Each structure stands twice: as C-alpha cells, then as structure tokens.
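Pasted below: target-v7.cif, mmCIF, C-alpha atoms.
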data_structure
loop_
_atom_site.label_atom_id
_atom_site.label_comp_id
_atom_site.auth_asym_id
_atom_site.auth_seq_id
_atom_site.Cartn_x
_atom_site.Cartn_y
_atom_site.Cartn_z
CA MET A 964 3.63 -20.81 22.56
CA ILE A 965 0.71 -22.38 20.73
CA LYS A 966 -0.03 -26.09 21.07
CA LEU A 967 -2.52 -28.04 18.99
CA ILE A 968 -5.22 -29.79 21.05
CA ASP A 969 -7.83 -30.95 18.55
CA TYR A 970 -8.83 -30.38 14.94
CA THR A 971 -11.11 -31.38 12.10
CA PRO A 972 -9.16 -33.86 9.94
CA ASN A 973 -9.19 -33.34 6.17
CA PRO A 974 -11.18 -30.10 6.37
CA LEU A 975 -11.43 -29.53 2.60
CA THR A 976 -12.82 -33.03 2.15
CA LEU A 977 -15.45 -32.33 4.81
CA MET A 978 -16.26 -28.97 3.25
CA GLY A 979 -16.73 -30.72 -0.08
CA VAL A 980 -19.14 -33.19 1.51
CA VAL A 981 -21.34 -30.58 3.17
CA ALA A 982 -21.28 -28.21 0.19
CA SER A 983 -22.19 -30.96 -2.27
CA THR A 984 -25.49 -31.29 -0.45
CA CYS A 985 -26.50 -27.89 -1.82
CA TRP A 986 -25.92 -28.93 -5.45
CA ASN A 987 -26.49 -32.66 -5.20
CA SER A 988 -23.01 -33.15 -6.66
CA LYS A 989 -20.18 -35.60 -6.02
CA PRO A 990 -18.13 -34.52 -2.97
CA SER A 991 -14.48 -33.58 -3.46
CA PRO A 992 -11.84 -31.39 -1.75
CA SER A 993 -11.85 -29.11 -4.80
CA ILE A 994 -15.37 -28.03 -3.89
CA GLY A 995 -13.96 -26.81 -0.57
CA ILE A 996 -11.39 -24.71 -2.42
CA ASP A 997 -14.10 -23.35 -4.71
CA CYS A 998 -16.10 -22.30 -1.66
CA ILE A 999 -13.12 -20.40 -0.23
CA GLU A 1000 -12.42 -18.62 -3.50
CA SER A 1001 -16.10 -17.86 -4.10
CA GLY A 1002 -16.60 -16.43 -0.64
CA HIS A 1003 -19.07 -19.09 0.53
CA GLY A 1004 -17.90 -18.72 4.11
CA ARG A 1005 -20.64 -20.76 5.76
CA VAL A 1006 -19.03 -23.95 4.47
CA LEU A 1007 -15.75 -23.06 6.24
CA GLU A 1008 -17.55 -23.06 9.58
CA TYR A 1009 -17.66 -26.88 9.56
CA ALA A 1010 -13.87 -27.12 9.99
CA ASP A 1011 -12.24 -25.96 13.20
CA VAL A 1012 -9.15 -26.29 15.38
CA THR A 1013 -8.62 -26.09 19.13
CA VAL A 1014 -5.29 -24.80 20.47
CA GLY A 1015 -3.71 -23.93 23.77
CA ILE A 1016 -2.08 -20.50 23.85
CA SER A 1017 0.47 -19.35 26.42
CA GLY A 1018 3.24 -16.77 26.64
CA TYR A 1019 1.10 -13.95 25.23
CA SER A 1020 -0.12 -10.94 27.19
CA ASN A 1021 -3.55 -10.29 28.60
CA ARG A 1022 -3.65 -7.24 26.36
CA VAL A 1023 -3.37 -9.20 23.11
CA ILE A 1024 -5.80 -11.85 24.34
CA ARG A 1025 -8.27 -9.06 25.09
CA GLU A 1026 -7.85 -7.96 21.47
CA LEU A 1027 -8.44 -11.53 20.34
CA TYR A 1028 -11.74 -11.50 22.21
CA THR A 1029 -13.07 -8.88 19.79
CA HIS A 1030 -13.36 -11.72 17.27
CA ILE A 1031 -16.62 -13.17 18.54
CA SER A 1032 -18.11 -15.11 15.62
CA GLY A 1033 -16.72 -18.58 15.03
CA THR A 1034 -14.65 -18.79 18.20
CA SER A 1035 -14.91 -20.24 21.71
CA ARG A 1036 -12.48 -19.36 24.48
CA LEU A 1037 -11.44 -20.29 27.99
CA GLN A 1038 -8.80 -18.26 29.84
CA GLN A 1039 -6.65 -18.74 32.91
CA SER A 1040 -8.49 -17.41 35.96
CA THR A 1041 -6.83 -14.65 38.01
CA ARG A 1042 -9.42 -15.38 40.68
CA TYR A 1043 -8.10 -18.86 41.48
CA VAL A 1044 -4.53 -18.87 40.14
CA ASP A 1045 -1.70 -17.37 42.20
CA MET A 1046 -0.21 -14.68 39.93
CA GLU A 1047 2.70 -13.58 42.11
CA ASP A 1048 5.35 -14.90 39.70
CA PHE A 1049 3.68 -13.67 36.52
CA GLU A 1050 5.75 -13.29 33.37
CA TYR A 1051 5.11 -10.38 31.05
CA TYR A 1052 5.45 -9.06 27.52
CA THR A 1053 8.02 -6.36 26.76
CA PRO A 1054 7.41 -4.28 23.60
CA LEU A 1055 10.36 -3.91 21.23
CA THR A 1056 10.55 -0.15 21.70
CA ILE A 1057 11.13 -0.76 25.41
CA LYS A 1058 13.26 -3.87 25.02
CA ASN A 1059 15.66 -2.01 22.72
CA ASP A 1060 16.10 0.93 25.10
CA LYS A 1061 18.13 -0.02 28.19
CA TYR A 1062 16.87 2.89 30.29
CA ALA A 1063 13.24 2.33 29.31
CA LYS A 1064 13.54 -1.41 29.99
CA ASN A 1065 14.87 -0.75 33.50
CA ILE A 1066 11.86 1.48 34.23
CA TYR A 1067 9.49 -1.12 32.81
CA ASP A 1068 11.04 -4.05 34.70
CA ASP A 1069 11.17 -2.09 37.96
CA CYS A 1070 7.45 -1.34 37.67
CA MET A 1071 6.65 -5.02 37.15
CA GLU A 1072 8.78 -5.92 40.18
CA VAL A 1073 6.90 -3.41 42.34
CA ILE A 1074 3.63 -5.05 41.27
CA ARG A 1075 4.99 -8.50 42.16
CA CYS A 1076 6.13 -7.31 45.59
CA SER A 1077 2.80 -5.63 46.26
CA TYR A 1078 0.97 -8.82 45.26
CA PHE A 1079 3.17 -10.82 47.67
CA LEU A 1080 2.60 -8.40 50.56
CA LEU A 1081 -1.16 -8.46 50.07
CA LYS A 1082 -1.07 -12.26 49.96
CA GLU A 1083 0.79 -12.27 53.28
CA LEU A 1084 -2.05 -10.20 54.70
CA GLY A 1085 -4.54 -12.84 53.61
CA ILE A 1086 -6.16 -10.84 50.83
CA PRO A 1087 -8.11 -13.15 48.44
CA LYS A 1088 -6.62 -13.82 44.97
CA GLU A 1089 -9.73 -12.41 43.30
CA ASP A 1090 -9.02 -9.03 44.94
CA MET A 1091 -5.25 -9.04 44.42
CA ALA A 1092 -5.88 -9.76 40.74
CA ASN A 1093 -6.69 -6.06 40.28
CA LEU A 1094 -2.94 -5.44 40.45
CA ILE A 1095 -2.12 -7.68 37.48
CA PRO A 1096 -1.11 -5.55 34.45
CA LEU A 1097 -2.35 -5.98 30.88
CA GLY A 1098 1.21 -6.83 29.90
CA SER A 1099 1.29 -9.96 32.08
CA ASN A 1100 1.24 -13.27 30.23
CA THR A 1101 -1.81 -15.50 30.39
CA LYS A 1102 -3.01 -18.90 29.17
CA MET A 1103 -6.08 -19.73 27.15
CA VAL A 1104 -7.75 -22.37 25.00
CA LEU A 1105 -9.07 -21.17 21.66
CA LYS A 1106 -11.44 -22.99 19.35
CA ILE A 1107 -11.77 -21.33 15.95
CA ASN A 1108 -13.32 -22.38 12.67
CA ALA A 1109 -11.71 -21.85 9.27
CA ARG A 1110 -13.97 -18.95 8.35
CA ALA A 1111 -13.11 -17.03 11.52
CA LEU A 1112 -9.44 -17.92 11.09
CA LEU A 1113 -9.22 -16.40 7.61
CA HIS A 1114 -11.13 -13.31 8.71
CA MET A 1115 -8.87 -12.83 11.72
CA ALA A 1116 -5.79 -13.18 9.52
CA SER A 1117 -7.11 -10.60 7.06
CA VAL A 1118 -7.26 -8.01 9.82
CA ARG A 1119 -4.43 -9.00 12.18
CA LEU A 1120 -1.71 -9.57 9.59
CA CYS A 1121 -1.99 -5.90 8.62
CA ASN A 1122 1.29 -4.02 9.05
CA ARG A 1123 -0.49 -1.58 11.35
CA ALA A 1124 -1.93 -4.29 13.60
CA LEU A 1125 -0.53 -4.66 17.12
CA LEU A 1126 2.91 -6.28 16.76
CA GLU A 1127 2.25 -8.92 19.42
CA TYR A 1128 -1.00 -9.88 17.68
CA ARG A 1129 0.85 -10.27 14.38
CA GLU A 1130 3.31 -12.56 16.15
CA LEU A 1131 0.45 -14.59 17.63
CA MET A 1132 -1.32 -14.76 14.26
CA ARG A 1133 1.79 -15.99 12.44
CA GLU A 1134 2.47 -18.66 15.05
CA LEU A 1135 -1.16 -19.80 14.98
CA LEU A 1136 -1.12 -20.11 11.19
CA ASP A 1137 2.18 -21.98 11.30
CA VAL A 1138 0.82 -24.52 13.79
CA ILE A 1139 -2.36 -25.03 11.77
CA SER A 1140 -0.58 -25.31 8.42
CA ASN A 1141 1.43 -28.23 9.81
CA ILE A 1142 -1.65 -30.28 10.72
CA ASP A 1143 -2.10 -31.80 7.27
CA ASP A 1144 -2.01 -30.88 3.58
CA GLU A 1145 -5.64 -29.75 3.51
CA TRP A 1146 -5.20 -27.36 6.42
CA ALA A 1147 -2.05 -26.05 4.74
CA LYS A 1148 -4.09 -25.24 1.63
CA ILE A 1149 -6.61 -23.32 3.73
CA VAL A 1150 -3.88 -21.38 5.54
CA ALA A 1151 -2.48 -20.36 2.12
CA TYR A 1152 -5.56 -18.10 1.85
CA ALA A 1153 -4.74 -16.37 5.16
CA LYS A 1154 -3.53 -12.97 4.01
CA PRO A 1155 -3.98 -9.33 5.05
CA LYS A 1156 -7.08 -7.91 3.41
CA CYS A 1157 -5.07 -5.47 1.29
CA GLU A 1158 -3.42 -8.43 -0.49
CA ILE A 1159 -6.85 -9.95 -1.08
CA LYS A 1160 -8.49 -6.74 -2.31
CA GLY A 1161 -5.51 -5.13 -4.00
CA TYR A 1162 -6.02 -1.89 -2.08
CA CYS A 1163 -6.17 -0.60 1.51
CA ASP A 1164 -9.56 0.44 2.91
CA GLU A 1165 -8.20 1.65 6.26
CA LYS A 1166 -8.22 5.33 7.21
CA HIS A 1167 -4.52 5.14 8.05
CA SER A 1168 -2.58 3.08 5.51
CA CYS A 1169 0.95 1.70 5.80
CA GLY A 1170 1.41 2.52 2.12
CA LYS A 1171 1.96 -1.02 0.92
CA TYR A 1172 -1.11 -0.81 -1.31
CA PRO A 1173 -3.04 2.15 -2.79
CA SER A 1174 -5.56 3.61 -0.37
CA LYS A 1175 -9.20 3.25 -1.30
CA ARG A 1176 -11.84 4.07 1.28
CA VAL A 1177 -15.13 2.24 0.65
#
So that I can check it, write out the structure of this file as structure tokens.
Amino acid sequence: MIKLIDYTPNPLTLMGVVASTCWNSKPSPSIGIDCIESGHGRVLEYADVTVGISGYSNRVIRELYTHISGTSRLQQSTRYVDMEDFEYYTPLTIKNDKYAKNIYDDCMEVIRCSYFLLKELGIPKEDMANLIPLGSNTKMVLKINARALLHMASVRLCNRALLEYRELMRELLDVISNIDDEWAKIVAYAKPKCEIKGYCDEKHSCGKYPSKRV
C-alpha cells in the first residue's frame, strides 16, 4: 500500500518557472515538458513527492535503497518495533505451489515462535531483529523527485526486474499520476528504458526489443 503524504503542486508549472530563468523567457508548463523530452534532468529535481509505503518486503525496500540520488528515506525500526507478528511477502512461484507454500509458511512460523521465545527470555528487540527475514513486510517513508522517479521507472519496469519491485513501481506511479494533471503528464514518461531507447542494452534481454550492448 502506498499513501500520498506531500507533493509539489503543479510540477510542470514550477519546472517552467525555474527553467525560464536560464533563458530569460516567459514561464509556462510547456517548458517543463520540453525539459523532460530534451533530457534536462536538473529541472525535474525541483518537483518531488513524499509517500508512505507499507506491505512490501524488506528485500524490495533494500533494492529501492540502491537508488540514492534524488531520494530521502526513513524506514520502520526493527530495533524499537516489536516484530513478533510480522507479515511477509510470498513469491508467485511459491504461492502457486501448495507444497512449497506449506514449507515457506512453516519456516515463517518457526521464526515467529523463536522471536516470541526470545522475547519471553528478555532479549532486547535490537538483538531479536536478527531473526527477521528479508521477506518480512516493512514500512517506510520515501521522498523522491521527478528526475529520480523517471530513472527508477526506466530500470524497475523492465520485464526482468524483480516482480515485487515492478508491483511497487506500478503502484507508486498510479498514486502519483492521480495527484493532478501535471503529475499525470510527467508519469506518462515513466517507461522501461528499452521503450525509450528502442533497444535493450542489458546483457540478458527479455526479447521484447532488439539487443544492443553499448
């Protein structure tokens, strides 16, 4: 679940204002669009959104942390929060296999029970947190500017990207596109890089576009 907390209103209008300073021209939202299409990414850094994210695993949030530029993050602390009743992500390959799902769920239950027993012994949360699996769900607050958003989408909407990350990316873009018309126009440029370039530059391609290593 992704919930909007704060945002820059009318981001294209703002981008037009700041960009017009460079050319001493009359500000307009169309200048913001021109900057996106021309690759003048610095202008996009003036527009940002802040969202609350929950229901996604620690593993995918760790992947999100690889996007450093243009983002700020705060995450739920396993040092202070009691994690005994943690929820967790189940991959489709496991969810669709009854036997595999039983193994997976049983493992998570063993971790929960072990956490409870250690808590009964008075072990501090910060030490019991070492039991918490990467698949457990977490909460975070993400602040991201438009430039970082489009870059993240170009990489994480790839068919070979982690499925959970693609799900997170699509939900994030959906939430942002519903802020206002100007944000919707920005989100329209959020595409996997192969659609932008017309070819795939990855070593391992899904085959959707011709492969072209650069």
field: Between CA of Val1023 in chain A and CA of Leu1125 in chain A - distance in Å to one decimal
entry: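 That distance, rounded to one decimal, is 8.0 Å.
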For range 1136-1147 of chain A, list every protein, DNA or RNA residue within 7 Å, evaluated using only C-alpha atoms, and leave out those in the same chain fewer than 5 positions away; present the list as a compact mmCIF listing (two decimals) with C-alpha atoms, keeping the file's coordinate frame.
# COMPACT_ATOMS: atom_id res chain seq x y z
CA ASN A 973 -9.19 -33.34 6.17
CA PRO A 974 -11.18 -30.10 6.37
CA LEU A 975 -11.43 -29.53 2.60
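Proximity to Tyr1078 in chain A at 6 Å, evaluated using only C-alpha atoms and with sequence-adjacent residues fewer than 3 positions away removed, yields Glu1047, Arg1075 and Leu1081 of chain A.
Residues matched by the PyMOL selection byres ((chain A and resi 1092) around 9) in this file: Thr1041, Arg1042, Asp1045, Met1046, Tyr1078, Pro1087, Lys1088, Glu1089, Asp1090, Met1091, Asn1093, Leu1094, Ile1095 and Pro1096 of chain A.
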Residues of the last selection are to be written out with C-alpha atoms, as an mmCIF file, in the frame of the given file.
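Written out: again-v8.cif:
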data_model
loop_
_atom_site.group_PDB
_atom_site.id
_atom_site.type_symbol
_atom_site.label_atom_id
_atom_site.label_comp_id
_atom_site.auth_asym_id
_atom_site.auth_seq_id
_atom_site.Cartn_x
_atom_site.Cartn_y
_atom_site.Cartn_z
ATOM 1 C CA THR A 1041 -6.830 -14.650 38.010
ATOM 2 C CA ARG A 1042 -9.420 -15.380 40.680
ATOM 3 C CA ASP A 1045 -1.700 -17.370 42.200
ATOM 4 C CA MET A 1046 -0.210 -14.680 39.930
ATOM 5 C CA TYR A 1078 0.970 -8.820 45.260
ATOM 6 C CA PRO A 1087 -8.110 -13.150 48.440
ATOM 7 C CA LYS A 1088 -6.620 -13.820 44.970
ATOM 8 C CA GLU A 1089 -9.730 -12.410 43.300
ATOM 9 C CA ASP A 1090 -9.020 -9.030 44.940
ATOM 10 C CA MET A 1091 -5.250 -9.040 44.420
ATOM 11 C CA ASN A 1093 -6.690 -6.060 40.280
ATOM 12 C CA LEU A 1094 -2.940 -5.440 40.450
ATOM 13 C CA ILE A 1095 -2.120 -7.680 37.480
ATOM 14 C CA PRO A 1096 -1.110 -5.550 34.450
#
- request: Name the residues that the PyMOL selection byres ((chain A and resi 1019) around 9) picks from the file above, as a ChimeraX atom specification, using the file's chain letters and numbers.
  value: /A:964,1016-1018,1020-1024,1051-1052,1098-1102,1127-1128,1131
- request: Identify which of the residues A:Gly1004, A:Ser1077, A:Cys1121, A:Thr971 lies closest to Asp1164 in chain A, counting all atoms listed in the file when measuring atom-to-atom distances.
  value: A:Cys1121
Residue among A:Lys1082, A:Lys1106, A:Lys1058, A:Lys966 lying closest to Gly1033 in chain A, counting all atoms listed in the file: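 Smallest separation from Gly1033 in chain A among the options: A:Lys1106.
Among A:Pro990, A:Glu1000, A:Pro972, A:Leu1007, the residue with the shortest atom-to-atom distance to Ile1107 in chain A, counting only C-alpha atoms, is A:Leu1007.
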field: Interatomic distance, CA of Gly995 in chain A to CA of Tyr970 in chain A (Å, one decimal)
entry: 16.7 Å
message: Counting all atoms listed in the file, which residue out of A:Cys985, A:Leu1105, A:Ala1063, A:Cys1076 sits closest to Asp969 in chain A?
response: A:Leu1105
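The two atoms in question, CA of Thr976 in chain A and CA of Ser993 in chain A, are spaced 8.0 Å apart.
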- request: Kindly indicate which residue among A:Leu1037, A:Leu1135, A:Leu1126, A:Leu1097 lies nearest to Val1150 in chain A, using only C-alpha atoms for the distances.
  value: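 Between A:Leu1037, A:Leu1135, A:Leu1126, A:Leu1097, the residue approaching Val1150 in chain A most closely is A:Leu1135.
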The PyMOL selection byres ((chain A and resi 1068) around 12) resolved against shown file, as an mmCIF file with C-alpha atoms, in the coordinates of the input:
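Saved as out_15.cif:
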data_model
loop_
_atom_site.group_PDB
_atom_site.id
_atom_site.type_symbol
_atom_site.label_atom_id
_atom_site.label_comp_id
_atom_site.auth_asym_id
_atom_site.auth_seq_id
_atom_site.Cartn_x
_atom_site.Cartn_y
_atom_site.Cartn_z
ATOM 1 C CA GLU A 1050 5.750 -13.290 33.370
ATOM 2 C CA TYR A 1051 5.110 -10.380 31.050
ATOM 3 C CA TYR A 1052 5.450 -9.060 27.520
ATOM 4 C CA THR A 1053 8.020 -6.360 26.760
ATOM 5 C CA PRO A 1054 7.410 -4.280 23.600
ATOM 6 C CA ILE A 1057 11.130 -0.760 25.410
ATOM 7 C CA LYS A 1058 13.260 -3.870 25.020
ATOM 8 C CA ASP A 1060 16.100 0.930 25.100
ATOM 9 C CA LYS A 1061 18.130 -0.020 28.190
ATOM 10 C CA TYR A 1062 16.870 2.890 30.290
ATOM 11 C CA ALA A 1063 13.240 2.330 29.310
ATOM 12 C CA LYS A 1064 13.540 -1.410 29.990
ATOM 13 C CA ASN A 1065 14.870 -0.750 33.500
ATOM 14 C CA ILE A 1066 11.860 1.480 34.230
ATOM 15 C CA TYR A 1067 9.490 -1.120 32.810
ATOM 16 C CA ASP A 1069 11.170 -2.090 37.960
ATOM 17 C CA CYS A 1070 7.450 -1.340 37.670
ATOM 18 C CA MET A 1071 6.650 -5.020 37.150
ATOM 19 C CA GLU A 1072 8.780 -5.920 40.180
ATOM 20 C CA VAL A 1073 6.900 -3.410 42.340
ATOM 21 C CA ILE A 1074 3.630 -5.050 41.270
ATOM 22 C CA ARG A 1075 4.990 -8.500 42.160
ATOM 23 C CA GLY A 1098 1.210 -6.830 29.900
ATOM 24 C CA SER A 1099 1.290 -9.960 32.080
#
Some atoms are absent from range 1006-1037 of chain A, so rebuild N, CA and C atoms and return them as a CSV table (one decimal), in the frame of the given file.
chain,number,residue,atom,x,y,z
A,1006,VAL,N,-19.6,-22.6,4.6
A,1006,VAL,CA,-19.0,-24.0,4.5
A,1006,VAL,C,-17.8,-24.1,5.3
A,1007,LEU,N,-17.0,-23.0,5.5
A,1007,LEU,CA,-15.8,-23.1,6.2
A,1007,LEU,C,-16.0,-23.2,7.7
A,1008,GLU,N,-17.2,-23.0,8.2
A,1008,GLU,CA,-17.6,-23.1,9.6
A,1008,GLU,C,-17.6,-24.5,10.1
A,1009,TYR,N,-17.6,-25.5,9.2
A,1009,TYR,CA,-17.7,-26.9,9.6
A,1009,TYR,C,-16.3,-27.4,10.0
A,1010,ALA,N,-15.2,-26.7,9.7
A,1010,ALA,CA,-13.9,-27.1,10.0
A,1010,ALA,C,-13.3,-26.2,11.1
A,1011,ASP,N,-12.8,-26.8,12.1
A,1011,ASP,CA,-12.2,-26.0,13.2
A,1011,ASP,C,-11.0,-26.6,13.9
A,1012,VAL,N,-10.3,-25.8,14.6
A,1012,VAL,CA,-9.2,-26.3,15.4
A,1012,VAL,C,-9.3,-25.8,16.8
A,1013,THR,N,-8.7,-26.5,17.7
A,1013,THR,CA,-8.6,-26.1,19.1
A,1013,THR,C,-7.2,-26.1,19.5
A,1014,VAL,N,-6.7,-24.9,20.1
A,1014,VAL,CA,-5.3,-24.8,20.5
A,1014,VAL,C,-5.2,-24.2,21.9
A,1015,GLY,N,-4.1,-24.6,22.5
A,1015,GLY,CA,-3.7,-23.9,23.8
A,1015,GLY,C,-2.7,-22.8,23.5
A,1016,ILE,N,-2.9,-21.7,24.1
A,1016,ILE,CA,-2.1,-20.5,23.8
A,1016,ILE,C,-1.5,-20.0,25.2
A,1017,SER,N,-0.2,-19.9,25.2
A,1017,SER,CA,0.5,-19.4,26.4
A,1017,SER,C,1.6,-18.4,26.0
A,1018,GLY,N,2.1,-17.6,26.9
A,1018,GLY,CA,3.2,-16.8,26.6
A,1018,GLY,C,2.9,-15.5,25.9
A,1019,TYR,N,1.6,-15.2,25.8
A,1019,TYR,CA,1.1,-14.0,25.2
A,1019,TYR,C,0.4,-13.1,26.3
A,1020,SER,N,0.4,-11.8,26.1
A,1020,SER,CA,-0.1,-10.9,27.2
A,1020,SER,C,-1.6,-10.9,27.3
A,1021,ASN,N,-2.1,-10.5,28.4
A,1021,ASN,CA,-3.6,-10.3,28.6
A,1021,ASN,C,-4.1,-9.2,27.6
A,1022,ARG,N,-3.2,-8.3,27.3
A,1022,ARG,CA,-3.6,-7.2,26.4
A,1022,ARG,C,-4.0,-7.8,25.0
A,1023,VAL,N,-3.1,-8.7,24.4
A,1023,VAL,CA,-3.4,-9.2,23.1
A,1023,VAL,C,-4.5,-10.2,23.1
A,1024,ILE,N,-4.7,-10.9,24.2
A,1024,ILE,CA,-5.8,-11.8,24.3
A,1024,ILE,C,-7.1,-11.1,24.4
A,1025,ARG,N,-7.1,-9.9,25.1
A,1025,ARG,CA,-8.3,-9.1,25.1
A,1025,ARG,C,-8.6,-8.6,23.7
A,1026,GLU,N,-7.6,-8.3,22.9
A,1026,GLU,CA,-7.8,-8.0,21.5
A,1026,GLU,C,-8.4,-9.1,20.7
A,1027,LEU,N,-7.9,-10.3,21.0
A,1027,LEU,CA,-8.4,-11.5,20.3
A,1027,LEU,C,-9.9,-11.7,20.6
A,1028,TYR,N,-10.3,-11.3,21.8
A,1028,TYR,CA,-11.7,-11.5,22.2
A,1028,TYR,C,-12.7,-10.6,21.4
A,1029,THR,N,-12.2,-9.7,20.6
A,1029,THR,CA,-13.1,-8.9,19.8
A,1029,THR,C,-13.6,-9.7,18.6
A,1030,HIS,N,-12.9,-10.8,18.3
A,1030,HIS,CA,-13.4,-11.7,17.3
A,1030,HIS,C,-14.3,-12.7,17.9
A,1031,ILE,N,-15.6,-12.4,17.8
A,1031,ILE,CA,-16.6,-13.2,18.5
A,1031,ILE,C,-17.1,-14.3,17.7
A,1032,SER,N,-17.5,-14.1,16.5
A,1032,SER,CA,-18.1,-15.1,15.6
A,1032,SER,C,-17.1,-16.2,15.3
A,1033,GLY,N,-17.5,-17.4,15.4
A,1033,GLY,CA,-16.7,-18.6,15.0
A,1033,GLY,C,-15.6,-19.0,16.0
A,1034,THR,N,-15.7,-18.4,17.2
A,1034,THR,CA,-14.6,-18.8,18.2
A,1034,THR,C,-15.3,-19.1,19.5
A,1035,SER,N,-14.6,-20.0,20.3
A,1035,SER,CA,-14.9,-20.2,21.7
A,1035,SER,C,-13.6,-20.1,22.5
A,1036,ARG,N,-13.7,-19.6,23.7
A,1036,ARG,CA,-12.5,-19.4,24.5
A,1036,ARG,C,-12.6,-19.7,26.0
A,1037,LEU,N,-11.6,-20.1,26.5
A,1037,LEU,CA,-11.4,-20.3,28.0
A,1037,LEU,C,-10.1,-19.7,28.4
